[in-house]
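All remarks here apply to the structure that follows.
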Amino acid sequence: MSTSTTGPDRTARTARRPVQAAPRGVPQSPLEESGRGTRWVVAIVVVVAMLWTLVPLLWMLLSSFKNSADVTAATPQFLFTPVLDNYRNLFTGANNLWPYIWHSVLAAGISAVLAVCLGALAGYGLARTQMRGKKHLAFWIISTRMAPIAAIVVPLFLIFRGLGLIDSIPGLVLAYLSFNLPFAIWLMSAFFAEVPPSLEESALVAGCTRWQAFRTVILPLTKSGLVTTFVLCLVFAWNDYAFAVVFSGPNSQTLPIAASQLVTQTGIDWGQLTAIGTIVVIPMMLAGLAVRRWLVTGLTLGAVTGE
Amino acid sequence: MSRVLYDEATRIYPGSTQPAVDALDLDIADGEFLVLVGPSGCGKSTSLRMLAGLERVDGGRIAIGDRDVTHLPPRDRDIAMVFQNYALYPHMSVADNMGFALRVMKVSKDERDRRVLEAARLLDLEEFLDRKPKALSGGQRQRVAMGRAIVREPQVFLMDEPLSNLDAKLRVQTRTQIADLQHRLGVTTVYVTHDQVEAMTMGDRVAVLKDGILQQVDTPLGLYQHPANVFVAGFIGSPSMNLGEYRVEGDEVVFGGARVRLTRETLKALKEEGSDRVILGFRPEDVTMVGDGDQDDATFLVTATVVEELGSDAFLYGQYADTTDPRLLEQTVIARVDPNAPPAKGDRVRLRIVPGKGRLFSASTGLCLPA
Ligand SMILES: Nc1ncnc2c1ncn2[C@@H]1O[C@H](COP(=O)(O)OP(=O)(O)O)[C@@H](O)[C@H]1O
Ligand SMILES: [Mg+2]
């Protein structure tokens, strides 16, 4: 629930059209109507789901601050003296982590930005077109997102080799666009469809070109959609391993590749591995937290216009 | 401020064979308030959107002033439009909403503020200028939408059912305010509504549309008194005109036990058409109650089923009593009766159409026959 639907808004809305159903986005909690039994079941499911997600993350975080003896101790050590050795080791030496981080930031960041920009334009077109077979087109676009990565890796590899894009950041950006762009188009078009066409028509009559109407009226109203799309695309690309392992080389290896390199034939450095894991996870969690307000309104769709 | 001209303007939506607006011819004078009225789906919005440039014109042309605007984009037409849902920009304050068009036109900030404030004063919106639209009531939002149009100082105002989201009482108030404002500003206005009362009370002239085809354009009184066809006759007026198709015998039309003589012009038209049937219409206020002593061939008996007493007016809803024709028995006769001495429910009353007030229409074409 966004902070934008507070007091005056709701009264104004209901006062205007009494026949209208309850304003969108006001949660009608199912818990309020259900009995105690259901409530307990729901609570247990939520707790289990939280443990399922959080325990491994917590374990990883804790392990990354243990020294090598504590990490590999047969009995789990909950009380230990935290050390920064693992992190220090990661950032020193010839094969330190900085280039990997930089590659990840570039590849994921650029692909997310491009996906949002292109996805917004295409999604707007898709939302507003009156053409026949629009639904099929929309489904076809999102279905390319559903294709297994394994199915496109080989053809992409051949294309990239021909274009000299192997082991390059542009290559990774393009590869990530192959799954981020359809997703962005599809998600953004859902947001644009929520905006009444009369808003841009009103802008057109007021003297705007189509582009001006899009920029000054439509885009500001779909801010939460843009942020949501950007963050999700960023996360998808940031977490990618499959493409990176095929397309990247010394000039473009990303963080997940660095992590995989710690799994060697001679053994696994659990301390460093969990430290990299933490480095991969933390920024995405922070990003999620920072834009939480938009993510929530964004993911529930609707209530874009406050109309 | 300009004249607006629709010249055979036609719109056929893709995938449809029937035109949504079919060869519309309308000549709207400079400063005139023209209302487009008709039942839902008759093409009112489409006609308006064609003038706005939001809908393609597939045939004919449209002109504003001396300019042919048929193929101009909306921004080059110098018009302002009020939408049914107001289409206020939710992310902008009331002031920014009202000044939006001026900002797009790169009017200086001083000038912009001046014009916004002026319009806000006119519409009693000064105290809301800093609010967002969602913090306004329905009536206030409606006024902001009006204000946004006024600030433009356009050649033409276009309004598409701007009152339909207001409650009944506010709607009546606002409709006088809009008509008043329009007369003061003198800007040519095309106003769309499905509500014939709104049309009759607001318009200088009213254009009646049905199935994309223009039925008649006239002043409200002209439409009321001289409907061009059966559709207009039945659509305009509340309660609506009594209409029924009856037999012509000799030089008389026979209905519900009454025989009413037709004029020579009517008979001539019927003869040319080769028809022995005619549609007779009369308004509820165009009948008089007659005592039993005054009865003659032209009177008919009605049994009152409902009597509606409104204080200043009373309406009788009844059935023909003096007939066995099942089609006649199904018909409801509406008559205005003396509010001070209304008949009771179940009473049988004798009525007569005020001479010269009956309207006759062709049973085949529905067009008005000469009287
Ligand atoms: N975008 C559209 N595509 C196809 N048909 C449409 C479209 N808009 C309106 N129509 C059709 O055109 C006719 C006229 O519509 P409209 O002008 O909106 O009617 P009104 O405003 O008088 O209710 C209707 O039959 C409607 O179904
Ligand atoms: Mg309409």
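Labels used: A, B, ... for chains in the order of the structure tokens, numbers from 1 for residues in each chain, and numbers from 1 for ligands as shown.
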Surrounding residues of range 174-179 of chain A excluding itself and chain neighbours under 4 positions, 8 Å, only C-alpha atoms, as an mmCIF file with N, CA, C and O atoms, in the first residue's frame:
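Done, and the output landed in around_16.cif:
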```
data_model
loop_
_atom_site.group_PDB
_atom_site.id
_atom_site.type_symbol
_atom_site.label_atom_id
_atom_site.label_comp_id
_atom_site.auth_asym_id
_atom_site.auth_seq_id
_atom_site.Cartn_x
_atom_site.Cartn_y
_atom_site.Cartn_z
ATOM 1 N N ALA A 107 27.942 -4.649 -17.035
ATOM 2 C CA ALA A 107 27.068 -5.497 -17.848
ATOM 3 C C ALA A 107 25.626 -5.444 -17.351
ATOM 4 O O ALA A 107 24.694 -5.211 -18.128
ATOM 5 N N ALA A 108 25.452 -5.626 -16.028
ATOM 6 C CA ALA A 108 24.084 -5.631 -15.499
ATOM 7 C C ALA A 108 23.467 -4.238 -15.578
ATOM 8 O O ALA A 108 22.317 -4.081 -15.989
ATOM 9 N N SER A 111 22.716 -3.146 -19.257
ATOM 10 C CA SER A 111 21.611 -3.910 -19.843
ATOM 11 C C SER A 111 20.284 -3.541 -19.190
ATOM 12 O O SER A 111 19.252 -3.468 -19.853
ATOM 13 N N ALA A 112 20.299 -3.256 -17.880
ATOM 14 C CA ALA A 112 19.047 -2.872 -17.219
ATOM 15 C C ALA A 112 18.571 -1.511 -17.719
ATOM 16 O O ALA A 112 17.384 -1.314 -17.986
ATOM 17 N N LEU A 114 19.254 -0.084 -20.633
ATOM 18 C CA LEU A 114 18.760 -0.234 -22.001
ATOM 19 C C LEU A 114 17.405 -0.931 -22.022
ATOM 20 O O LEU A 114 16.498 -0.539 -22.763
ATOM 21 N N ALA A 115 17.277 -1.971 -21.193
ATOM 22 C CA ALA A 115 16.011 -2.709 -21.176
ATOM 23 C C ALA A 115 14.862 -1.795 -20.773
ATOM 24 O O ALA A 115 13.780 -1.840 -21.365
ATOM 25 N N THR A 144 9.460 -15.389 -25.373
ATOM 26 C CA THR A 144 10.899 -15.479 -25.620
ATOM 27 C C THR A 144 11.660 -15.402 -24.298
ATOM 28 O O THR A 144 12.763 -15.904 -24.171
ATOM 29 N N ARG A 145 11.045 -14.756 -23.317
ATOM 30 C CA ARG A 145 11.662 -14.685 -21.994
ATOM 31 C C ARG A 145 11.628 -16.052 -21.309
ATOM 32 O O ARG A 145 12.454 -16.367 -20.464
ATOM 33 N N LEU A 156 23.414 -17.859 -30.059
ATOM 34 C CA LEU A 156 23.997 -16.568 -29.688
ATOM 35 C C LEU A 156 25.515 -16.635 -29.752
ATOM 36 O O LEU A 156 26.177 -15.697 -30.212
ATOM 37 N N PRO A 170 29.945 -5.284 -24.171
ATOM 38 C CA PRO A 170 28.783 -5.170 -25.063
ATOM 39 C C PRO A 170 28.142 -6.527 -25.350
ATOM 40 O O PRO A 170 26.912 -6.634 -25.431
ATOM 41 N N PHE A 183 11.021 -9.056 -21.067
ATOM 42 C CA PHE A 183 10.415 -8.880 -19.756
ATOM 43 C C PHE A 183 10.032 -7.415 -19.527
ATOM 44 O O PHE A 183 8.926 -7.101 -19.080
ATOM 45 N N ALA A 237 20.137 -9.749 -14.436
ATOM 46 C CA ALA A 237 21.429 -9.719 -15.124
ATOM 47 C C ALA A 237 22.570 -9.930 -14.135
ATOM 48 O O ALA A 237 23.538 -10.635 -14.414
ATOM 49 N N PHE A 243 25.061 -17.287 -19.046
ATOM 50 C CA PHE A 243 25.580 -16.537 -20.187
ATOM 51 C C PHE A 243 27.034 -16.167 -19.971
ATOM 52 O O PHE A 243 27.865 -16.267 -20.865
#
```
Neighbourhood of ligand 1 at 10 Å, counting only C-alpha atoms and all ligand atoms, reported as a PyMOL selection string: (chain A and resi 130) or (chain B and resi 11-16+18-21+36-50+55+160-161+192-194+209-212)
Distance-based interface of chain B with chain A, 6 Å, counting only C-alpha atoms, as a PyMOL selection string: chain B and resi 74-75+87+90+101+134-138
Which polymer residues have any atom within 10 Å of an atom of Val287 in chain B, counting only C-alpha atoms, with same-chain residues fewer than 3 positions away left out, as a short mmCIF file (atom, residue, chain, number, x, y, z; two decimals) with N, CA and C atoms, in the first residue's frame?
```cif
data_model
loop_
_atom_site.label_atom_id
_atom_site.label_comp_id
_atom_site.auth_asym_id
_atom_site.auth_seq_id
_atom_site.Cartn_x
_atom_site.Cartn_y
_atom_site.Cartn_z
N PHE B 282 -48.65 12.79 -30.36
CA PHE B 282 -49.09 14.00 -29.66
C PHE B 282 -48.41 14.06 -28.31
N ARG B 283 -48.03 15.27 -27.93
CA ARG B 283 -47.33 15.45 -26.66
C ARG B 283 -48.33 15.38 -25.50
N PRO B 284 -47.85 14.96 -24.34
CA PRO B 284 -48.74 14.83 -23.18
C PRO B 284 -49.49 16.13 -22.87
N VAL B 290 -62.08 16.21 -21.70
CA VAL B 290 -63.40 16.74 -22.04
C VAL B 290 -64.46 16.03 -21.20
N THR B 299 -62.76 12.41 -29.87
CA THR B 299 -62.31 12.16 -28.50
C THR B 299 -62.15 10.66 -28.27
N ILE B 334 -49.85 8.95 -22.41
CA ILE B 334 -49.45 9.88 -21.35
C ILE B 334 -50.12 11.22 -21.60
N ALA B 335 -50.74 11.77 -20.60
CA ALA B 335 -51.42 13.05 -20.76
C ALA B 335 -51.18 13.93 -19.55
N ARG B 336 -50.93 15.22 -19.82
CA ARG B 336 -50.83 16.14 -18.69
C ARG B 336 -52.24 16.54 -18.28
N VAL B 337 -52.48 16.48 -17.01
CA VAL B 337 -53.82 16.82 -16.52
C VAL B 337 -53.71 17.92 -15.49
N ARG B 350 -62.01 11.08 -20.68
CA ARG B 350 -62.17 11.30 -22.11
C ARG B 350 -61.21 12.41 -22.53
N LEU B 351 -60.42 12.16 -23.57
CA LEU B 351 -59.38 13.11 -23.97
C LEU B 351 -59.58 13.52 -25.43
N ARG B 352 -59.04 14.68 -25.73
CA ARG B 352 -59.07 15.14 -27.11
C ARG B 352 -57.71 15.78 -27.42
N ILE B 353 -57.17 15.50 -28.60
CA ILE B 353 -55.92 16.16 -29.01
C ILE B 353 -56.25 17.59 -29.37
N VAL B 354 -55.50 18.53 -28.82
CA VAL B 354 -55.73 19.93 -29.14
C VAL B 354 -55.61 20.10 -30.66
N PRO B 355 -56.59 20.69 -31.27
CA PRO B 355 -56.57 20.82 -32.73
C PRO B 355 -55.27 21.45 -33.23
N LYS B 357 -52.34 20.15 -32.98
CA LYS B 357 -51.17 19.74 -32.22
C LYS B 357 -50.75 18.29 -32.50
N GLY B 358 -51.57 17.57 -33.22
CA GLY B 358 -51.18 16.21 -33.58
C GLY B 358 -50.07 16.25 -34.62
#
```
Quick one: residues within 12 Å of range 72-83 of chain A, only C-alpha atoms counted, chain neighbours fewer than 5 positions away excluded, as a compact mmCIF listing (two decimals) with all heavy atoms, in the first residue's frame?
```txt
# COMPACT_ATOMS: atom_id res chain seq x y z
N LEU A 58 21.78 -15.96 5.99
CA LEU A 58 22.40 -15.66 7.27
C LEU A 58 23.64 -16.53 7.45
O LEU A 58 24.70 -16.06 7.88
CB LEU A 58 21.38 -15.94 8.39
CG LEU A 58 21.64 -15.20 9.69
CD1 LEU A 58 21.56 -13.71 9.46
CD2 LEU A 58 20.64 -15.66 10.75
N TRP A 59 23.50 -17.79 7.09
CA TRP A 59 24.61 -18.74 7.20
C TRP A 59 25.79 -18.25 6.37
O TRP A 59 26.93 -18.23 6.81
CB TRP A 59 24.14 -20.12 6.71
CG TRP A 59 25.12 -21.19 7.02
CD1 TRP A 59 25.94 -21.84 6.14
CD2 TRP A 59 25.42 -21.71 8.31
NE1 TRP A 59 26.73 -22.73 6.79
CE2 TRP A 59 26.42 -22.67 8.14
CE3 TRP A 59 24.93 -21.44 9.61
CZ2 TRP A 59 26.96 -23.38 9.22
CZ3 TRP A 59 25.47 -22.15 10.67
CH2 TRP A 59 26.45 -23.11 10.47
N LEU A 61 26.37 -15.17 5.37
CA LEU A 61 26.90 -13.94 5.95
C LEU A 61 27.83 -14.27 7.12
O LEU A 61 28.94 -13.75 7.21
CB LEU A 61 25.74 -13.06 6.42
CG LEU A 61 26.12 -11.67 6.92
CD1 LEU A 61 26.63 -10.83 5.76
CD2 LEU A 61 24.94 -10.99 7.58
N LEU A 62 27.37 -15.15 8.01
CA LEU A 62 28.17 -15.51 9.17
C LEU A 62 29.48 -16.17 8.74
O LEU A 62 30.56 -15.81 9.20
CB LEU A 62 27.38 -16.44 10.10
CG LEU A 62 26.22 -15.79 10.85
CD1 LEU A 62 25.49 -16.83 11.68
CD2 LEU A 62 26.73 -14.65 11.74
N SER A 63 29.34 -17.13 7.81
CA SER A 63 30.53 -17.88 7.40
C SER A 63 31.59 -16.98 6.81
O SER A 63 32.79 -17.23 6.93
CB SER A 63 30.14 -18.95 6.37
OG SER A 63 29.21 -19.83 6.94
N SER A 64 31.15 -15.91 6.13
CA SER A 64 32.13 -15.06 5.45
C SER A 64 33.03 -14.34 6.44
O SER A 64 34.08 -13.83 6.07
CB SER A 64 31.42 -14.06 4.54
OG SER A 64 30.75 -13.09 5.31
N PHE A 65 32.60 -14.29 7.72
CA PHE A 65 33.44 -13.62 8.72
C PHE A 65 34.20 -14.61 9.60
O PHE A 65 34.75 -14.23 10.62
CB PHE A 65 32.57 -12.70 9.60
CG PHE A 65 32.04 -11.52 8.86
CD1 PHE A 65 30.72 -11.47 8.46
CD2 PHE A 65 32.89 -10.45 8.52
CE1 PHE A 65 30.23 -10.38 7.76
CE2 PHE A 65 32.41 -9.37 7.83
CZ PHE A 65 31.08 -9.33 7.44
N LYS A 66 34.19 -15.88 9.22
CA LYS A 66 34.89 -16.87 10.03
C LYS A 66 36.28 -17.10 9.46
O LYS A 66 36.50 -16.97 8.24
CB LYS A 66 34.12 -18.20 10.02
CG LYS A 66 32.81 -18.14 10.79
CD LYS A 66 32.04 -19.44 10.65
CE LYS A 66 30.73 -19.36 11.40
NZ LYS A 66 29.93 -20.58 11.19
N ASN A 67 37.20 -17.51 10.33
CA ASN A 67 38.50 -17.91 9.80
C ASN A 67 38.39 -19.33 9.28
O ASN A 67 37.38 -20.00 9.50
CB ASN A 67 39.60 -17.77 10.87
CG ASN A 67 39.30 -18.63 12.08
OD1 ASN A 67 38.73 -19.72 11.96
ND2 ASN A 67 39.68 -18.14 13.25
N ARG A 88 39.64 -9.57 2.88
CA ARG A 88 40.96 -9.03 2.59
C ARG A 88 41.61 -9.86 1.48
O ARG A 88 42.14 -9.31 0.52
CB ARG A 88 41.82 -9.03 3.85
CG ARG A 88 42.90 -7.98 3.82
CD ARG A 88 43.60 -7.87 5.17
NE ARG A 88 42.72 -7.36 6.24
CZ ARG A 88 42.58 -7.95 7.44
NH1 ARG A 88 43.23 -9.07 7.71
NH2 ARG A 88 41.81 -7.41 8.36
N ASN A 89 41.51 -11.15 1.60
CA ASN A 89 42.13 -12.02 0.59
C ASN A 89 41.52 -11.81 -0.79
O ASN A 89 42.20 -11.90 -1.81
CB ASN A 89 41.97 -13.49 0.98
CG ASN A 89 42.82 -13.83 2.18
OD1 ASN A 89 43.78 -13.08 2.50
ND2 ASN A 89 42.49 -14.91 2.88
N GLY A 267 39.79 -28.24 -4.08
CA GLY A 267 38.95 -27.98 -2.93
C GLY A 267 38.16 -26.69 -3.07
O GLY A 267 38.27 -26.00 -4.08
N ILE A 268 37.36 -26.42 -2.08
CA ILE A 268 36.53 -25.22 -2.09
C ILE A 268 36.95 -24.34 -0.93
O ILE A 268 36.98 -24.79 0.21
CB ILE A 268 35.05 -25.59 -1.94
CG1 ILE A 268 34.61 -26.49 -3.11
CG2 ILE A 268 34.18 -24.35 -1.88
CD1 ILE A 268 33.20 -27.01 -2.97
N ASP A 269 37.24 -23.07 -1.25
CA ASP A 269 37.54 -22.12 -0.18
C ASP A 269 36.22 -21.53 0.31
O ASP A 269 35.74 -20.52 -0.20
CB ASP A 269 38.48 -21.02 -0.69
CG ASP A 269 38.93 -20.12 0.45
OD1 ASP A 269 38.21 -20.05 1.47
OD2 ASP A 269 40.00 -19.50 0.31
N TRP A 270 35.64 -22.20 1.30
CA TRP A 270 34.30 -21.78 1.74
C TRP A 270 34.27 -20.36 2.27
O TRP A 270 33.31 -19.63 2.07
CB TRP A 270 33.77 -22.75 2.81
CG TRP A 270 33.28 -24.04 2.22
CD1 TRP A 270 33.87 -25.27 2.33
CD2 TRP A 270 32.12 -24.21 1.41
NE1 TRP A 270 33.17 -26.21 1.64
CE2 TRP A 270 32.08 -25.58 1.06
CE3 TRP A 270 31.14 -23.34 0.93
CZ2 TRP A 270 31.07 -26.10 0.26
CZ3 TRP A 270 30.13 -23.87 0.15
CH2 TRP A 270 30.10 -25.23 -0.19
N GLY A 271 35.32 -20.00 2.94
CA GLY A 271 35.36 -18.64 3.49
C GLY A 271 35.24 -17.60 2.40
O GLY A 271 34.38 -16.73 2.43
N GLN A 272 36.09 -17.70 1.38
CA GLN A 272 36.06 -16.71 0.30
C GLN A 272 34.78 -16.83 -0.52
O GLN A 272 34.23 -15.83 -0.98
CB GLN A 272 37.28 -16.90 -0.60
CG GLN A 272 38.55 -16.43 0.08
CD GLN A 272 39.67 -16.23 -0.93
OE1 GLN A 272 39.41 -15.86 -2.06
NE2 GLN A 272 40.90 -16.47 -0.51
N ALA A 275 32.12 -15.11 1.17
CA ALA A 275 32.37 -13.66 1.12
C ALA A 275 31.91 -13.11 -0.23
O ALA A 275 31.25 -12.06 -0.30
CB ALA A 275 33.85 -13.36 1.34
```
Interatomic distance, CA of Arg348 in chain B to CA of Asp286 in chain B (Å, one decimal):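 Result for CA of Arg348 in chain B versus CA of Asp286 in chain B: 18.4 Å, one decimal.
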Interatomic distance (Å, one decimal) between CA of Leu214 in chain B and CA of Thr174 in chain B: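 We find that CA of Leu214 in chain B and CA of Thr174 in chain B lie 27.2 Å from each other.
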Selection: 12 Å around Gln173 in chain B, only C-alpha atoms, excl. self and same-chain fewer than 3 positions, as a ChimeraX atom specification: /B:139,163,166-170,176-180,198,201-202
